[in-house]
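One file, protein-v4.pdb, carrying PDB, C-alpha atoms:
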ATOM      1  CA  MET Y   1      39.182 -35.273  15.607  1.00  0.00           C
ATOM      2  CA  SER Y   2      38.692 -33.304  18.717  1.00  0.00           C
ATOM      3  CA  LYS Y   3      36.417 -30.313  18.730  1.00  0.00           C
ATOM      4  CA  ARG Y   4      38.276 -27.044  18.860  1.00  0.00           C
ATOM      5  CA  ARG Y   5      37.726 -25.066  22.054  1.00  0.00           C
ATOM      6  CA  TYR Y   6      38.158 -21.342  22.188  1.00  0.00           C
ATOM      7  CA  GLU Y   7      39.065 -19.588  25.407  1.00  0.00           C
ATOM      8  CA  ASP Y   8      36.093 -17.216  25.219  1.00  0.00           C
ATOM      9  CA  ASP Y   9      33.593 -20.027  24.389  1.00  0.00           C
ATOM     10  CA  ASP Y  10      31.528 -21.119  27.389  1.00  0.00           C
ATOM     11  CA  GLY Y  11      29.599 -23.799  25.450  1.00  0.00           C
ATOM     12  CA  ARG Y  12      26.149 -22.231  25.634  1.00  0.00           C
ATOM     13  CA  THR Y  13      23.830 -22.373  22.624  1.00  0.00           C
ATOM     14  CA  ILE Y  14      22.506 -18.986  21.593  1.00  0.00           C
ATOM     15  CA  VAL Y  15      20.114 -20.123  18.863  1.00  0.00           C
ATOM     16  CA  ASP Y  16      19.033 -23.677  18.090  1.00  0.00           C
ATOM     17  CA  MET Y  17      19.428 -24.063  14.309  1.00  0.00           C
ATOM     18  CA  SER Y  18      18.429 -27.746  14.148  1.00  0.00           C
ATOM     19  CA  GLY Y  19      15.079 -27.018  12.452  1.00  0.00           C
ATOM     20  CA  VAL Y  20      16.560 -24.827   9.730  1.00  0.00           C
ATOM     21  CA  GLU Y  21      16.950 -26.573   6.375  1.00  0.00           C
ATOM     22  CA  ARG Y  22      18.693 -25.475   3.229  1.00  0.00           C
ATOM     23  CA  PRO Y  23      16.212 -24.699   0.434  1.00  0.00           C
ATOM     24  CA  ASN Y  24      16.366 -26.897  -2.657  1.00  0.00           C
ATOM     25  CA  LEU Y  25      17.772 -24.976  -5.619  1.00  0.00           C
ATOM     26  CA  PHE Y  26      16.022 -26.878  -8.401  1.00  0.00           C
ATOM     27  CA  THR Y  27      12.591 -27.563  -6.905  1.00  0.00           C
ATOM     28  CA  PRO Y  28      11.662 -24.712  -4.587  1.00  0.00           C
ATOM     29  CA  ARG Y  29       8.870 -25.479  -2.141  1.00  0.00           C
ATOM     30  CA  ILE Y  30       6.869 -23.222   0.092  1.00  0.00           C
ATOM     31  CA  SER Y  31       6.539 -24.563   3.599  1.00  0.00           C
ATOM     32  CA  ALA Y  32       3.079 -24.805   5.118  1.00  0.00           C
ATOM     33  CA  GLN Y  33       3.880 -22.107   7.654  1.00  0.00           C
ATOM     34  CA  GLU Y  34       5.099 -19.709   4.937  1.00  0.00           C
ATOM     35  CA  ALA Y  35       2.028 -20.454   2.806  1.00  0.00           C
ATOM     36  CA  LYS Y  36      -0.228 -19.605   5.750  1.00  0.00           C
ATOM     37  CA  SER Y  37       1.607 -16.323   6.372  1.00  0.00           C
ATOM     38  CA  ARG Y  38       1.364 -15.401   2.671  1.00  0.00           C
ATOM     39  CA  ASP Y  39      -2.345 -16.203   2.716  1.00  0.00           C
ATOM     40  CA  TRP Y  40      -2.762 -14.014   5.808  1.00  0.00           C
ATOM     41  CA  GLU Y  41      -0.893 -11.136   4.120  1.00  0.00           C
ATOM     42  CA  ARG Y  42      -3.081 -11.465   1.048  1.00  0.00           C
ATOM     43  CA  ARG Y  43      -6.248 -11.307   3.124  1.00  0.00           C
ATOM     44  CA  ALA Y  44      -4.948  -8.432   5.254  1.00  0.00           C
ATOM     45  CA  LYS Y  45      -4.213  -6.196   2.245  1.00  0.00           C
ATOM     46  CA  PRO Y  46      -6.870  -3.612   1.551  1.00  0.00           C
ATOM     47  CA  GLU Y  47      -8.446  -3.592  -1.873  1.00  0.00           C
ATOM     48  CA  ARG Y  48      -6.901  -1.237  -4.417  1.00  0.00           C
ATOM     49  CA  GLU Y  49      -8.822   1.918  -4.978  1.00  0.00           C
ATOM     50  CA  THR Y  50      -9.750   2.474  -8.613  1.00  0.00           C
ATOM     51  CA  LEU Y  51      -9.897   5.885 -10.211  1.00  0.00           C
ATOM     52  CA  ASP Y  52     -12.741   6.809 -12.502  1.00  0.00           C
ATOM     53  CA  LEU Y  53     -11.118   9.093 -15.046  1.00  0.00           C
ATOM     54  CA  SER Y  54     -12.702  10.689 -18.052  1.00  0.00           C
ATOM     55  CA  PRO Y  55     -10.997  10.064 -21.416  1.00  0.00           C
ATOM     56  CA  GLY Y  56      -9.427  13.523 -21.329  1.00  0.00           C
ATOM     57  CA  GLU Y  57      -8.065  13.046 -17.808  1.00  0.00           C
ATOM     58  CA  ARG Y  58      -6.724   9.623 -18.760  1.00  0.00           C
ATOM     59  CA  ARG Y  59      -4.957  11.097 -21.815  1.00  0.00           C
ATOM     60  CA  TRP Y  60      -3.306  13.816 -19.700  1.00  0.00           C
ATOM     61  CA  ALA Y  61      -2.214  11.291 -17.087  1.00  0.00           C
ATOM     62  CA  ILE Y  62      -0.585   9.125 -19.776  1.00  0.00           C
ATOM     63  CA  LEU Y  63       1.117  12.175 -21.322  1.00  0.00           C
ATOM     64  CA  GLY Y  64       2.417  13.188 -17.888  1.00  0.00           C
ATOM     65  CA  MET Y  65       3.921   9.737 -17.344  1.00  0.00           C
ATOM     66  CA  LEU Y  66       5.529   9.832 -20.788  1.00  0.00           C
ATOM     67  CA  LYS Y  67       6.966  13.283 -20.065  1.00  0.00           C
ATOM     68  CA  ALA Y  68       8.520  12.027 -16.831  1.00  0.00           C
ATOM     69  CA  ALA Y  69       9.968   8.981 -18.617  1.00  0.00           C
ATOM     70  CA  PHE Y  70      11.456  11.096 -21.408  1.00  0.00           C
ATOM     71  CA  LEU Y  71      13.004  13.494 -18.905  1.00  0.00           C
ATOM     72  CA  ILE Y  72      14.839  10.518 -17.426  1.00  0.00           C
ATOM     73  CA  ILE Y  73      15.771   8.925 -20.779  1.00  0.00           C
ATOM     74  CA  ILE Y  74      17.057  12.059 -22.573  1.00  0.00           C
ATOM     75  CA  PRO Y  75      20.252  12.553 -20.487  1.00  0.00           C
ATOM     76  CA  TYR Y  76      21.163   8.892 -20.904  1.00  0.00           C
ATOM     77  CA  ALA Y  77      20.579   9.073 -24.678  1.00  0.00           C
ATOM     78  CA  VAL Y  78      22.673  12.259 -24.979  1.00  0.00           C
ATOM     79  CA  GLY Y  79      25.479  10.728 -22.893  1.00  0.00           C
ATOM     80  CA  LEU Y  80      25.488   7.488 -24.860  1.00  0.00           C
ATOM     81  CA  GLY Y  81      25.379   9.442 -28.137  1.00  0.00           C
ATOM     82  CA  GLY Y  82      28.346  11.517 -26.971  1.00  0.00           C
ATOM     83  CA  ILE Y  83      30.333   8.402 -26.107  1.00  0.00           C
ATOM     84  CA  ILE Y  84      29.555   6.861 -29.488  1.00  0.00           C
ATOM     85  CA  LEU Y  85      30.534  10.120 -31.224  1.00  0.00           C
ATOM     86  CA  LEU Y  86      33.846  10.262 -29.332  1.00  0.00           C
ATOM     87  CA  MET Y  87      34.584   6.638 -30.166  1.00  0.00           C
ATOM     88  CA  ASP Y  88      33.817   7.306 -33.826  1.00  0.00           C
ATOM     89  CA  LEU Y  89      36.106  10.355 -33.941  1.00  0.00           C
ATOM     90  CA  PHE Y  90      39.088   8.870 -32.089  1.00  0.00           C
ATOM     91  CA  LEU Y  91      39.012   5.194 -33.083  1.00  0.00           C
TER      92      LEU Y  91
END
As structure tokens:
Amino acid sequence: MSKRRYEDDDGRTIVDMSGVERPNLFTPRISAQEAKSRDWERRAKPERETLDLSPGERRWAILGMLKAAFLIIIPYAVGLGGIILLMDLFL
């Protein structure tokens, strides 16, 4: 078979893809270069700052997170309940 030639193709190579390999689906491996870059990222990250909270402050922080979660969950629960109610009435 002859290679197809396009009229706008001048034959130059833009990027050499000969070193690129397809990753194995069943046994993923991390290349040595990627492992080094991950190790560098891990060392470059600053340490997490810890908060020293009193028991009362910790309780209020947890309650604030729960309040935010419930404010997100309530509209979904009301909507789902409405759909179930409509299905029960009409089906």
Box for segment 51-58 of chain Y: with edges along x, y and z, all listed atoms inside and 8 Å added on each side, what are the centre and edge lengths in Å to one decimal, as lines of an AutoDock Vina configuration file?
center_x = -9.7
center_y = 9.7
center_z = -15.8
size_x = 22.0
size_y = 23.6
size_z = 27.2
Work out how far apart atom CA of Asp52 of chain Y and atom CA of Ala68 of chain Y are and give it in Å to one decimal.
-> 22.3 Å
Could you please determine the separation between atom CA of Thr50 of chain Y and atom CA of Leu63 of chain Y in Å, to one decimal place?
-> 19.3 Å
